[in-house]
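Chemist: Structure: run_37.txt, compact mmCIF, C-alpha atoms and all ligand atoms.
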```txt
# COMPACT_ATOMS: atom_id res chain seq x y z
CA MET A 14 -38.28 -3.25 12.82
CA ASP A 15 -34.66 -2.07 12.83
CA ILE A 16 -33.70 0.12 9.88
CA PHE A 17 -30.23 0.31 8.32
CA ASP A 18 -28.63 1.69 5.20
CA VAL A 19 -26.66 -1.51 4.56
CA ALA A 20 -27.19 -5.08 5.83
CA VAL A 21 -24.40 -7.61 5.28
CA ILE A 22 -25.26 -11.33 5.43
CA GLY A 23 -22.33 -13.46 6.66
CA SER A 24 -19.39 -12.57 8.89
CA GLY A 25 -16.61 -14.32 6.93
CA PRO A 26 -13.70 -12.20 5.69
CA ALA A 27 -15.69 -10.74 2.79
CA GLY A 28 -18.69 -9.85 4.95
CA SER A 29 -16.66 -8.21 7.72
CA MET A 30 -14.60 -6.20 5.27
CA ALA A 31 -17.71 -5.07 3.35
CA ALA A 32 -19.35 -4.05 6.65
CA LYS A 33 -16.21 -2.20 7.70
CA TYR A 34 -16.07 -0.21 4.46
CA ALA A 35 -19.80 0.52 4.43
CA ALA A 36 -19.64 1.81 8.03
CA LYS A 37 -16.45 3.73 7.31
CA ALA A 38 -18.24 5.51 4.43
CA GLY A 39 -20.90 6.70 6.88
CA ALA A 40 -23.69 4.16 6.28
CA SER A 41 -25.57 2.63 9.23
CA THR A 42 -24.51 -1.00 8.83
CA ILE A 43 -25.48 -4.34 10.36
CA LEU A 44 -23.55 -7.60 9.99
CA LEU A 45 -25.67 -10.72 10.40
CA GLU A 46 -24.19 -14.14 11.18
CA GLU A 47 -26.15 -17.36 11.55
CA HIS A 48 -23.67 -19.05 13.90
CA PRO A 49 -23.26 -18.21 17.60
CA ALA A 50 -19.58 -17.32 17.03
CA VAL A 51 -17.56 -15.72 14.24
CA GLY A 52 -15.07 -17.87 12.29
CA TRP A 53 -16.64 -21.24 13.00
CA PRO A 54 -16.84 -23.82 11.49
CA VAL A 55 -13.50 -23.37 9.68
CA GLN A 56 -13.57 -24.24 5.98
CA CYS A 57 -10.07 -23.19 5.02
CA ALA A 58 -6.44 -24.29 4.96
CA GLY A 59 -5.53 -20.84 6.27
CA LEU A 60 -2.70 -20.08 3.85
CA LEU A 61 -2.58 -16.37 3.06
CA GLY A 62 -0.17 -14.53 0.79
CA ARG A 63 1.41 -11.16 1.48
CA LYS A 64 -1.26 -9.23 -0.41
CA ALA A 65 -4.07 -10.99 1.43
CA LEU A 66 -2.52 -10.05 4.74
CA ALA A 67 -2.04 -6.45 3.61
CA GLU A 68 -5.65 -6.27 2.36
CA SER A 69 -6.88 -7.49 5.75
CA GLU A 70 -5.51 -4.27 7.31
CA LEU A 71 -4.71 -6.27 10.46
CA SER A 72 -1.35 -5.90 12.11
CA ALA A 73 0.33 -9.28 12.44
CA GLY A 74 -1.27 -10.85 15.49
CA THR A 75 -1.98 -14.02 17.33
CA PHE A 76 -3.87 -15.35 14.31
CA ILE A 77 -0.53 -16.05 12.55
CA ARG A 78 0.78 -19.58 13.16
CA ARG A 79 3.95 -19.42 10.99
CA GLY A 80 5.52 -18.00 7.83
CA MET A 81 6.19 -19.96 4.63
CA PHE A 82 9.21 -19.33 2.39
CA GLY A 83 8.58 -21.66 -0.51
CA ALA A 84 7.18 -24.91 -1.78
CA SER A 85 7.99 -28.39 -3.02
CA VAL A 86 5.86 -29.32 -5.98
CA PHE A 87 5.44 -33.04 -6.72
CA SER A 88 4.17 -34.55 -9.95
CA PRO A 89 2.22 -37.85 -9.92
CA GLY A 90 5.21 -39.79 -11.27
CA GLY A 91 7.68 -38.40 -8.70
CA ALA A 92 9.23 -35.38 -10.48
CA ARG A 93 9.90 -32.64 -7.98
CA LEU A 94 10.39 -28.87 -8.12
CA ASP A 95 11.72 -27.01 -5.06
CA PHE A 96 11.96 -23.31 -4.41
CA LYS A 97 12.54 -21.23 -1.33
CA ALA A 98 12.60 -17.43 -1.17
CA LYS A 99 14.73 -15.37 1.20
CA GLU A 100 11.68 -13.82 2.87
CA ARG A 101 8.33 -15.18 3.94
CA ARG A 102 5.93 -15.33 1.02
CA ALA A 103 2.86 -16.65 2.79
CA TRP A 104 1.49 -17.16 6.27
CA VAL A 105 -0.38 -20.00 7.88
CA VAL A 106 -3.17 -18.48 9.93
CA ASP A 107 -5.81 -19.55 12.41
CA ARG A 108 -8.97 -18.61 10.51
CA ARG A 109 -11.10 -18.40 13.65
CA LEU A 110 -8.87 -15.71 15.13
CA PHE A 111 -8.34 -14.02 11.76
CA ASP A 112 -12.10 -13.76 11.11
CA ARG A 113 -12.73 -12.46 14.62
CA ALA A 114 -10.08 -9.76 14.24
CA LEU A 115 -11.74 -8.64 10.99
CA VAL A 116 -15.15 -8.44 12.64
CA ASN A 117 -13.68 -6.39 15.51
CA HIS A 118 -12.33 -3.90 12.99
CA ALA A 119 -15.75 -3.63 11.34
CA MET A 120 -17.32 -2.95 14.74
CA GLN A 121 -14.68 -0.36 15.55
CA GLU A 122 -15.77 1.46 12.38
CA GLY A 123 -19.34 1.47 13.68
CA ALA A 124 -20.93 -1.66 12.16
CA SER A 125 -23.28 -3.61 14.46
CA LEU A 126 -22.91 -7.39 14.71
CA ARG A 127 -25.79 -9.77 15.36
CA LEU A 128 -24.91 -13.43 15.96
CA CYS A 129 -27.36 -16.37 15.87
CA SER A 130 -29.16 -14.44 13.15
CA ARG A 131 -29.79 -16.52 10.08
CA VAL A 132 -31.42 -14.56 7.33
CA ARG A 133 -34.05 -16.91 5.96
CA GLY A 134 -35.75 -14.64 3.45
CA LEU A 135 -35.49 -11.38 1.55
CA LYS A 136 -38.49 -9.32 0.41
CA ARG A 137 -38.81 -6.17 -1.65
CA ASP A 138 -40.54 -3.21 0.04
CA GLY A 139 -40.46 -0.37 -2.47
CA GLU A 140 -36.86 0.79 -2.62
CA ARG A 141 -35.91 -1.15 0.50
CA ARG A 142 -35.26 -4.82 1.26
CA ILE A 143 -36.74 -6.57 4.27
CA LEU A 144 -34.54 -9.31 5.72
CA VAL A 145 -36.52 -11.96 7.58
CA LEU A 146 -34.46 -13.66 10.30
CA SER A 147 -34.84 -17.21 11.63
CA ASP A 148 -36.64 -15.89 14.76
CA ASP A 149 -39.09 -14.07 12.44
CA SER A 150 -37.76 -10.64 13.38
CA LYS A 151 -37.20 -8.26 10.46
CA ILE A 152 -34.59 -5.78 9.40
CA SER A 153 -35.05 -3.13 6.74
CA ALA A 154 -32.03 -2.13 4.62
CA ARG A 155 -31.59 0.02 1.56
CA VAL A 156 -28.80 -2.25 0.19
CA VAL A 157 -28.05 -5.87 1.10
CA ILE A 158 -24.60 -7.38 0.65
CA SER A 159 -24.64 -11.15 0.35
CA ALA A 160 -21.40 -12.51 1.80
CA GLU A 161 -23.06 -15.86 2.53
CA GLY A 162 -20.23 -18.00 1.26
CA VAL A 163 -20.36 -20.68 -1.41
CA SER A 164 -24.00 -21.77 -1.03
CA ALA A 165 -25.31 -18.19 -1.32
CA ILE A 166 -28.94 -19.29 -1.24
CA LEU A 167 -30.33 -15.77 -0.83
CA ALA A 168 -28.11 -14.30 -3.54
CA ARG A 169 -29.25 -17.00 -5.97
CA ARG A 170 -32.90 -16.34 -5.14
CA ALA A 171 -32.29 -12.63 -5.73
CA GLY A 172 -31.01 -13.34 -9.24
CA ILE A 173 -27.22 -13.74 -8.87
CA ALA A 174 -26.24 -16.77 -10.98
CA PRO A 175 -24.07 -19.55 -9.51
CA PRO A 176 -20.32 -19.70 -10.23
CA GLN A 177 -19.08 -21.60 -13.28
CA THR A 178 -18.01 -24.56 -11.16
CA ILE A 179 -17.76 -25.60 -7.52
CA LEU A 180 -14.84 -27.77 -6.42
CA SER A 181 -14.91 -30.02 -3.39
CA GLY A 182 -12.31 -29.24 -0.68
CA ALA A 183 -11.39 -31.34 2.34
CA GLN A 184 -8.64 -31.11 4.94
CA VAL A 185 -7.45 -32.66 8.19
CA GLU A 186 -4.76 -31.83 10.72
CA ALA A 187 -2.37 -34.55 11.84
CA ALA A 188 0.87 -35.25 13.64
CA PHE A 189 3.15 -35.60 10.63
CA ALA A 190 6.82 -35.98 9.72
CA VAL A 191 7.29 -32.62 7.98
CA GLU A 192 10.22 -32.48 5.58
CA ASP A 193 10.79 -28.72 5.75
CA PRO A 194 8.62 -26.61 8.07
CA ASP A 195 9.27 -23.51 5.93
CA LYS A 196 7.78 -25.03 2.78
CA VAL A 197 4.33 -26.01 1.64
CA GLU A 198 4.03 -29.28 -0.28
CA VAL A 199 1.91 -29.22 -3.43
CA HIS A 200 0.97 -32.59 -4.92
CA LEU A 201 -0.28 -32.27 -8.49
CA GLY A 202 -2.47 -34.82 -10.21
CA GLN A 203 -3.59 -36.41 -6.92
CA ALA A 204 -7.09 -35.04 -7.16
CA SER A 205 -8.80 -34.21 -10.39
CA GLY A 206 -9.56 -30.58 -9.63
CA LEU A 207 -6.70 -28.52 -8.26
CA PHE A 208 -4.08 -30.25 -6.13
CA ALA A 209 -3.38 -31.73 -2.73
CA TRP A 210 -1.35 -29.90 -0.08
CA VAL A 211 0.66 -30.37 3.08
CA ILE A 212 0.91 -27.15 5.07
CA PRO A 213 3.32 -27.42 8.01
CA LEU A 214 2.13 -26.20 11.41
CA SER A 215 5.44 -27.25 13.03
CA LYS A 216 8.16 -29.83 12.39
CA SER A 217 5.77 -32.53 13.48
CA ALA A 218 2.27 -31.39 12.54
CA ALA A 219 0.58 -30.35 9.33
CA ARG A 220 -2.67 -29.54 7.59
CA ILE A 221 -3.21 -32.08 4.81
CA GLY A 222 -5.92 -31.48 2.28
CA LEU A 223 -7.00 -31.29 -1.30
CA CYS A 224 -9.34 -29.64 -3.64
CA ALA A 225 -11.01 -31.98 -6.14
CA SER A 226 -13.63 -31.78 -8.86
CA ASP A 227 -15.93 -33.88 -6.65
CA ARG A 228 -15.95 -36.20 -3.61
CA GLY A 229 -13.26 -34.24 -1.77
CA CYS A 230 -13.54 -36.39 1.39
CA ASP A 231 -13.18 -39.70 -0.49
CA ARG A 232 -10.22 -38.42 -2.44
CA LEU A 233 -8.60 -37.06 0.73
CA ARG A 234 -9.00 -40.48 2.37
CA ALA A 235 -7.20 -42.04 -0.62
CA PHE A 236 -4.47 -39.37 -0.51
CA LEU A 237 -3.88 -40.02 3.21
CA LYS A 238 -3.38 -43.72 2.36
CA SER A 239 -0.99 -42.98 -0.51
CA ASP A 240 2.70 -43.93 -0.12
CA ILE A 241 3.91 -40.36 -0.04
CA ILE A 242 1.66 -39.46 2.93
CA ALA A 243 0.80 -42.63 4.88
CA LYS A 244 4.36 -43.41 6.02
CA ARG A 245 4.75 -39.89 7.41
CA LEU A 246 1.53 -39.80 9.43
CA LEU A 247 2.42 -39.91 13.14
CA GLY A 248 -1.12 -40.09 14.49
CA SER A 249 -4.77 -40.16 13.53
CA PRO A 250 -5.97 -37.21 11.48
CA VAL A 251 -8.29 -34.80 13.32
CA ALA A 252 -10.12 -31.55 12.63
CA LEU A 253 -11.71 -32.54 9.34
CA ASN A 254 -12.93 -29.48 7.48
CA VAL A 255 -14.83 -29.64 4.22
CA GLY A 256 -16.33 -27.10 1.89
CA GLY A 257 -16.96 -26.03 -1.67
CA LEU A 258 -14.70 -23.73 -3.65
CA PRO A 259 -16.57 -21.68 -6.23
CA LEU A 260 -14.59 -20.86 -9.36
CA GLY A 261 -15.57 -18.50 -12.16
CA PRO A 262 -17.72 -15.52 -11.12
CA PRO A 263 -21.18 -15.15 -12.66
CA ALA A 264 -21.80 -12.55 -15.36
CA ALA A 265 -23.39 -10.11 -12.89
CA THR A 266 -22.75 -9.71 -9.16
CA ALA A 267 -25.19 -6.85 -8.58
CA VAL A 268 -28.97 -6.84 -8.91
CA HIS A 269 -31.58 -4.40 -7.63
CA GLY A 270 -30.90 -3.85 -3.92
CA LEU A 271 -28.25 -6.57 -3.56
CA LEU A 272 -24.55 -7.17 -4.16
CA ALA A 273 -22.74 -10.49 -3.85
CA VAL A 274 -19.17 -10.64 -2.59
CA GLY A 275 -16.51 -13.25 -1.76
CA ASP A 276 -17.43 -16.90 -2.31
CA ALA A 277 -21.04 -15.86 -2.95
CA ALA A 278 -19.75 -14.13 -6.08
CA GLY A 279 -17.25 -16.84 -7.10
CA GLN A 280 -14.33 -14.54 -6.26
CA VAL A 281 -11.78 -17.31 -5.67
CA LYS A 282 -8.36 -17.73 -7.32
CA PRO A 283 -8.77 -20.64 -9.73
CA THR A 284 -5.06 -21.53 -9.53
CA SER A 285 -5.03 -22.17 -5.78
CA GLY A 286 -8.60 -22.09 -4.46
CA GLY A 287 -7.67 -19.11 -2.29
CA GLY A 288 -10.69 -16.89 -1.70
CA VAL A 289 -9.60 -14.62 1.12
CA TYR A 290 -7.53 -12.20 -0.97
CA PRO A 291 -10.01 -11.59 -3.82
CA GLY A 292 -12.88 -11.54 -1.33
CA LEU A 293 -11.24 -8.79 0.74
CA VAL A 294 -10.40 -6.70 -2.33
CA ALA A 295 -13.94 -6.94 -3.72
CA ALA A 296 -15.54 -6.42 -0.29
CA LYS A 297 -13.93 -3.02 0.12
CA ILE A 298 -15.42 -1.96 -3.20
CA ALA A 299 -18.80 -3.49 -2.30
CA GLY A 300 -18.91 -1.70 1.06
CA GLY A 301 -18.09 1.66 -0.50
CA VAL A 302 -20.58 1.35 -3.38
CA ALA A 303 -23.35 0.00 -1.13
CA ALA A 304 -22.92 2.85 1.35
CA ALA A 305 -22.88 5.53 -1.34
CA ALA A 306 -25.91 4.07 -3.15
CA ALA A 307 -27.88 3.68 0.11
CA MET A 308 -27.17 7.22 1.23
CA GLU A 309 -28.11 8.57 -2.22
CA GLY A 310 -31.37 6.61 -1.97
CA ASP A 311 -30.64 4.76 -5.20
CA SER A 312 -30.34 0.99 -4.92
CA SER A 313 -31.16 0.27 -8.54
CA ALA A 314 -29.30 -2.47 -10.38
CA GLN A 315 -27.73 0.19 -12.56
CA ARG A 316 -26.38 2.17 -9.58
CA LEU A 317 -25.03 -0.98 -7.91
CA SER A 318 -23.44 -2.23 -11.13
CA GLU A 319 -20.62 0.23 -10.34
CA TYR A 320 -19.43 -2.43 -7.90
CA ASP A 321 -19.42 -5.05 -10.63
CA ARG A 322 -17.41 -2.83 -12.94
CA LEU A 323 -14.87 -1.78 -10.28
CA TRP A 324 -14.08 -5.20 -8.88
CA ARG A 325 -13.69 -6.70 -12.36
CA ALA A 326 -11.29 -3.89 -13.30
CA THR A 327 -9.14 -4.90 -10.30
CA LEU A 328 -9.47 -8.69 -10.24
CA GLY A 329 -11.23 -9.76 -13.42
CA ARG A 330 -8.15 -10.42 -15.57
CA GLU A 331 -6.36 -12.34 -12.83
CA LEU A 332 -9.39 -14.60 -12.27
CA GLU A 333 -9.84 -15.09 -16.03
CA ILE A 334 -6.19 -16.13 -16.52
CA GLY A 335 -6.52 -18.35 -13.47
CA MET A 336 -9.53 -20.11 -15.00
CA ARG A 337 -7.54 -20.84 -18.15
CA VAL A 338 -4.62 -22.27 -16.17
CA ASN A 339 -7.05 -24.29 -14.09
CA ARG A 340 -8.62 -25.77 -17.24
CA MET A 341 -5.18 -26.56 -18.61
CA MET A 342 -4.13 -28.38 -15.43
CA ALA A 343 -7.40 -30.32 -15.37
CA LYS A 344 -6.81 -31.60 -18.92
CA MET A 345 -3.17 -32.58 -18.47
CA LYS A 346 -2.34 -36.28 -18.35
CA PRO A 347 -0.15 -37.44 -15.43
CA SER A 348 2.75 -37.96 -17.88
CA GLU A 349 2.41 -34.36 -19.06
CA ILE A 350 2.47 -33.07 -15.48
CA ASP A 351 5.62 -35.15 -14.91
CA GLU A 352 7.14 -33.62 -18.02
CA LEU A 353 6.23 -30.07 -17.01
CA VAL A 354 7.50 -30.36 -13.42
CA GLY A 355 10.68 -32.16 -14.54
CA TYR A 356 11.32 -29.50 -17.17
CA MET A 357 10.91 -26.63 -14.70
CA ALA A 358 13.02 -28.33 -12.03
CA ALA A 359 15.91 -28.49 -14.49
CA LYS A 360 15.83 -24.74 -15.21
CA PRO A 361 17.62 -22.76 -12.47
CA ARG A 362 16.57 -19.45 -14.02
CA LEU A 363 12.92 -20.43 -13.77
CA ILE A 364 13.37 -21.42 -10.15
CA LYS A 365 15.08 -18.09 -9.44
CA ALA A 366 12.16 -16.24 -11.08
CA ILE A 367 9.73 -18.11 -8.84
CA GLU A 368 11.82 -17.39 -5.75
CA GLU A 369 12.08 -13.69 -6.57
CA HIS A 370 8.62 -12.98 -7.93
CA GLY A 371 6.35 -15.76 -6.66
CA ASP A 372 3.06 -14.34 -5.42
CA ILE A 373 0.16 -16.65 -4.64
CA ASP A 374 -2.26 -13.75 -4.75
CA ARG A 375 -1.34 -12.55 -8.25
CA PRO A 376 0.14 -15.66 -9.93
CA SER A 377 -0.37 -14.36 -13.49
CA ARG A 378 2.49 -11.86 -13.09
CA LEU A 379 4.92 -14.69 -12.31
CA MET A 380 3.56 -16.76 -15.19
CA VAL A 381 4.32 -13.96 -17.64
CA ARG A 382 7.86 -13.68 -16.24
CA MET A 383 8.33 -17.44 -16.47
CA LEU A 384 7.34 -17.46 -20.13
CA ARG A 385 10.37 -15.27 -20.81
CA HIS A 386 12.63 -17.97 -19.40
CA LEU A 387 11.23 -20.78 -21.52
CA ASP A 388 13.61 -21.66 -24.33
CA TRP A 389 12.60 -23.21 -27.61
CA ASP A 390 12.86 -26.82 -26.58
CA ALA A 391 9.91 -25.91 -24.41
CA ILE A 392 7.82 -25.45 -27.46
CA ARG A 393 6.64 -29.02 -27.11
CA LEU A 394 5.05 -27.77 -23.95
CA ALA A 395 3.07 -25.36 -26.07
CA ARG A 396 0.50 -28.07 -26.58
CA LEU A 397 -0.09 -27.86 -22.85
CA LEU A 398 -0.56 -24.13 -23.11
CA GLY A 399 -2.85 -24.88 -26.02
CA TYR A 400 -5.24 -26.44 -23.54
CA ALA A 401 -5.33 -23.17 -21.69
CA LEU A 402 -5.89 -21.06 -24.77
CA ALA A 403 -8.50 -23.34 -26.30
C1 LIG B 1 -10.78 -26.98 2.28
C2 LIG B 1 -10.64 -25.51 1.94
C3 LIG B 1 -9.40 -24.89 2.05
C4 LIG B 1 -9.26 -23.53 1.74
N1 LIG B 1 -8.04 -22.95 1.91
C5 LIG B 1 -7.88 -21.64 1.65
C6 LIG B 1 -6.63 -21.00 1.86
O1 LIG B 1 -5.66 -21.63 2.30
N2 LIG B 1 -6.52 -19.67 1.58
C7 LIG B 1 -7.58 -18.94 1.11
O2 LIG B 1 -7.42 -17.74 0.85
N3 LIG B 1 -8.79 -19.53 0.92
C8 LIG B 1 -8.97 -20.84 1.19
N4 LIG B 1 -10.19 -21.42 1.02
C9 LIG B 1 -11.32 -20.59 0.56
C10 LIG B 1 -11.78 -19.66 1.68
O3 LIG B 1 -12.03 -20.40 2.84
C11 LIG B 1 -13.04 -18.91 1.25
O4 LIG B 1 -12.82 -18.38 -0.05
C12 LIG B 1 -13.39 -17.77 2.20
O5 LIG B 1 -13.67 -18.21 3.49
C13 LIG B 1 -14.60 -17.03 1.66
O6 LIG B 1 -14.94 -15.97 2.52
P1 LIG B 1 -16.41 -15.39 2.50
O7 LIG B 1 -16.43 -14.31 3.53
O8 LIG B 1 -16.84 -15.10 1.14
O9 LIG B 1 -17.36 -16.60 2.97
P2 LIG B 1 -17.29 -17.53 4.26
O10 LIG B 1 -15.98 -17.46 4.92
O11 LIG B 1 -17.80 -18.85 3.83
O12 LIG B 1 -18.35 -16.85 5.24
C14 LIG B 1 -19.73 -16.89 4.98
C15 LIG B 1 -20.47 -16.64 6.29
O13 LIG B 1 -21.84 -16.41 6.02
C16 LIG B 1 -22.62 -17.04 7.00
N5 LIG B 1 -23.96 -17.24 6.44
C17 LIG B 1 -24.29 -17.97 5.34
N6 LIG B 1 -25.61 -17.86 5.09
C18 LIG B 1 -26.12 -17.06 6.05
C19 LIG B 1 -27.44 -16.57 6.32
N7 LIG B 1 -28.48 -16.90 5.55
N8 LIG B 1 -27.61 -15.75 7.39
C20 LIG B 1 -26.57 -15.40 8.18
N9 LIG B 1 -25.30 -15.84 7.97
C21 LIG B 1 -25.08 -16.65 6.92
C22 LIG B 1 -21.85 -18.34 7.26
O14 LIG B 1 -22.19 -18.90 8.51
C23 LIG B 1 -20.39 -17.83 7.23
O15 LIG B 1 -19.98 -17.40 8.50
C24 LIG B 1 -10.38 -22.78 1.31
C25 LIG B 1 -11.62 -23.40 1.19
C26 LIG B 1 -11.77 -24.75 1.50
C27 LIG B 1 -13.13 -25.39 1.38
```
Show this structure as structure tokens.
Modeler:
Amino acid sequence: MDIFDVAVIGSGPAGSMAAKYAAKAGASTILLEEHPAVGWPVQCAGLLGRKALAESELSAGTFIRRGMFGASVFSPGGARLDFKAKERRAWVVDRRLFDRALVNHAMQEGASLRLCSRVRGLKRDGERRILVLSDDSKISARVVISAEGVSAILARRAGIAPPQTILSGAQVEAAFAVEDPDKVEVHLGQASGLFAWVIPLSKSAARIGLCASDRGCDRLRAFLKSDIIAKRLLGSPVALNVGGLPLGPPAATAVHGLLAVGDAAGQVKPTSGGGVYPGLVAAKIAGGVAAAAAMEGDSSAQRLSEYDRLWRATLGRELEIGMRVNRMMAKMKPSEIDELVGYMAAKPRLIKAIEEHGDIDRPSRLMVRMLRHLDWDAIRLARLLGYALA
């Protein structure tokens, strides 16, 4: 049986970054991935903000498809808000190449990678955990990091509760008449859940998807047939990717011998469904705490709860505010979304604030700035905010 300080389950962005930081801290670390290749199948639109890219610690590479400068936001009734910054605010990436680059960095720090290695069970053995793989081989680790993604079967069995809610995401790629290849399109109210998107890959191709409360594929099919999309499709959609988006982290993300990180811990921005940025931030903390605890020989729940405390201090408030905004958007009637988008579109100072301070990774900072620009006729919109504060 192979023996390690830290075993990480899942080689997505959170798993690779946790493995990198555990190895960097001096722990013998193994990264286990069930698939024969890293980064496949893709379950992502691949839109990353500046902070996500910085947190990845990768220099811009072949994984970047193009930069985005702004967005056009559409309400269900046709109101429209446009903004475009002077610099790139987000990047469209190829997640396969991005994930592989992250794994390479983890290996350069000394982590071992084992592909085709599904962990099918976890057992306690005194102070250690035994990971049972699909081929019945076993690995012993002092601390396990579950970076299994949204299903997180092993984390749940170990006592990590599920996220507050799981949304249903679906996306295709298609030849498409893109209006502005520098801007993402956000279509509000098209899918009860978050929103639908068009992310340009070029002037004539885009990723089109949505994130709904349920039945993501059915709702995407309906969105593709809607007037605003159907007439711009230039070919049959391909590359369907579907997956769940966990929102609202559980009360505890550390139990005896195991930490959960990334989607497994519900670390996803509730305003956009973006999980790469929070996952990377939390993974660095998880890797460091797991390595220290393993090398001290203390994998108790109390020792590992340091991870829980540290990641919440960094991300907790942002995710909490995001959940409130998400609830508000879910409760808004289409006419209220029309009103809100129309109101904002008519306020040049608000648009300037978005252009100057927009940050998809930390949206709450922009929201606070925007509140300053609301004048008193916006008070009628307070009932909308009331949803969020309820
Ligand atoms: C349609 C859609 C669009 C999205 N768009 C964006 C976006 O534009 N930007 C963004 O930031 N986020 C986006 N997300 C969310 C983002 O994809 C996830 O938050 C992110 O991939 C989570 O990373 P992770 O490392 O936690 O888990 P994952 O990337 O899911 O990786 C988990 C890994 O664990 C492996 N695994 C699972 N169980 C086992 C096991 N028992 N043994 C071994 N290996 C195992 C899996 O094979 C997988 O490789 C989107 C999600 C969806 C569904």
Chemist: Between A:Ala218, A:Met120, A:Ala174, A:Ala252, which is the closest to ligand LIG 1 (chain B) once you count all atoms listed in the file?
Modeler: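 Between A:Ala218, A:Met120, A:Ala174, A:Ala252, the residue approaching ligand LIG 1 (chain B) most closely is A:Ala252.
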Chemist: Taking all atoms listed in the file into account, report as a PyMOL selection string which residues have an atom no farther than 7 Å from an atom of ligand LIG 1 (chain B).
Modeler: chain A and resi 22-28+45-48+51-53+56-61+130-133+160-163+165+167+181-184+222-224+254-258+274-277+281+286-290+292
Chemist: Go through region 275-353 of chain A residue by residue and, counting all atoms listed in the file, keep those with an atom at most 12 Å from region 365-384 of chain A; for each kept residue give the shortest atom pair and its distance in Å to one decimal, ordered by chain and increasing number, as CSV.
Modeler:
```
residue,atom,partner,partner_atom,distance
A:Val281,CA,A:Asp374,CA,10.2
A:Lys282,CA,A:Asp374,CA,7.7
A:Pro283,CA,A:Pro376,CA,10.2
A:Thr284,CA,A:Pro376,CA,7.9
A:Ser285,CA,A:Ile373,CA,7.7
A:Gly286,CA,A:Ile373,CA,10.3
A:Gly287,CA,A:Asp374,CA,8.0
A:Gly288,CA,A:Asp374,CA,9.5
A:Val289,CA,A:Asp374,CA,9.4
A:Tyr290,CA,A:Asp374,CA,6.7
A:Pro291,CA,A:Asp374,CA,8.1
A:Gly292,CA,A:Asp374,CA,11.4
A:Leu293,CA,A:Asp374,CA,11.6
A:Val294,CA,A:Asp374,CA,11.0
A:Thr327,CA,A:Arg375,CA,11.1
A:Leu328,CA,A:Arg375,CA,9.2
A:Gly329,CA,A:Arg375,CA,11.5
A:Arg330,CA,A:Ser377,CA,9.0
A:Glu331,CA,A:Ser377,CA,6.4
A:Leu332,CA,A:Ser377,CA,9.1
A:Glu333,CA,A:Ser377,CA,9.8
A:Ile334,CA,A:Ser377,CA,6.8
A:Gly335,CA,A:Ser377,CA,7.3
A:Met336,CA,A:Ser377,CA,10.9
A:Arg337,CA,A:Ser377,CA,10.7
A:Val338,CA,A:Ser377,CA,9.4
A:Asn339,CA,A:Pro376,CA,12.0
```
Chemist: For CA of Asn117 (chain A) and CA of Lys33 (chain A), determine how far apart the two atoms are, in Å to one decimal place.
Modeler: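 Separating CA of Asn117 (chain A) from CA of Lys33 (chain A) is a distance of 9.2 Å.
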Chemist: Between A:Pro175, A:Pro361, A:Gly202, A:Gly300, which residue has the minimum interatomic distance to Ile158 (chain A), considering all atoms listed in the file?
Modeler: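 Under the stated criterion, the closest residue is A:Gly300.
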Chemist: Find the distance between CA of Arg108 (chain A) and CA of Ser69 (chain A) and write it in Å to one decimal.
Modeler: 12.3 Å
Chemist: Could you list, as a list in words, every residue within 8 Å of region 302-310 of chain A, counting all atoms listed in the file and ignoring same-chain residues fewer than 6 positions away?
Modeler: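 Neighbouring residues, sequence-local ones excluded: Asp18, Val19, Ala35, Ala36, Ala38, Gly39, Ala40, Arg155, Val156, Val157, Ile158, Leu272, Arg316, Leu317, Glu319 and Tyr320 of chain A.
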Chemist: Include C-alpha atoms and write out the residues we just selected as a PDB file, in the frame of the given file.
Modeler:
```
ATOM      1  CA  ASP A  18     -28.630   1.690   5.200  1.00  0.00           C
ATOM      2  CA  VAL A  19     -26.660  -1.510   4.560  1.00  0.00           C
ATOM      3  CA  ALA A  35     -19.800   0.520   4.430  1.00  0.00           C
ATOM      4  CA  ALA A  36     -19.640   1.810   8.030  1.00  0.00           C
ATOM      5  CA  ALA A  38     -18.240   5.510   4.430  1.00  0.00           C
ATOM      6  CA  GLY A  39     -20.900   6.700   6.880  1.00  0.00           C
ATOM      7  CA  ALA A  40     -23.690   4.160   6.280  1.00  0.00           C
ATOM      8  CA  ARG A 155     -31.590   0.020   1.560  1.00  0.00           C
ATOM      9  CA  VAL A 156     -28.800  -2.250   0.190  1.00  0.00           C
ATOM     10  CA  VAL A 157     -28.050  -5.870   1.100  1.00  0.00           C
ATOM     11  CA  ILE A 158     -24.600  -7.380   0.650  1.00  0.00           C
ATOM     12  CA  LEU A 272     -24.550  -7.170  -4.160  1.00  0.00           C
ATOM     13  CA  ARG A 316     -26.380   2.170  -9.580  1.00  0.00           C
ATOM     14  CA  LEU A 317     -25.030  -0.980  -7.910  1.00  0.00           C
ATOM     15  CA  GLU A 319     -20.620   0.230 -10.340  1.00  0.00           C
ATOM     16  CA  TYR A 320     -19.430  -2.430  -7.900  1.00  0.00           C
TER      17      TYR A 320
END
```
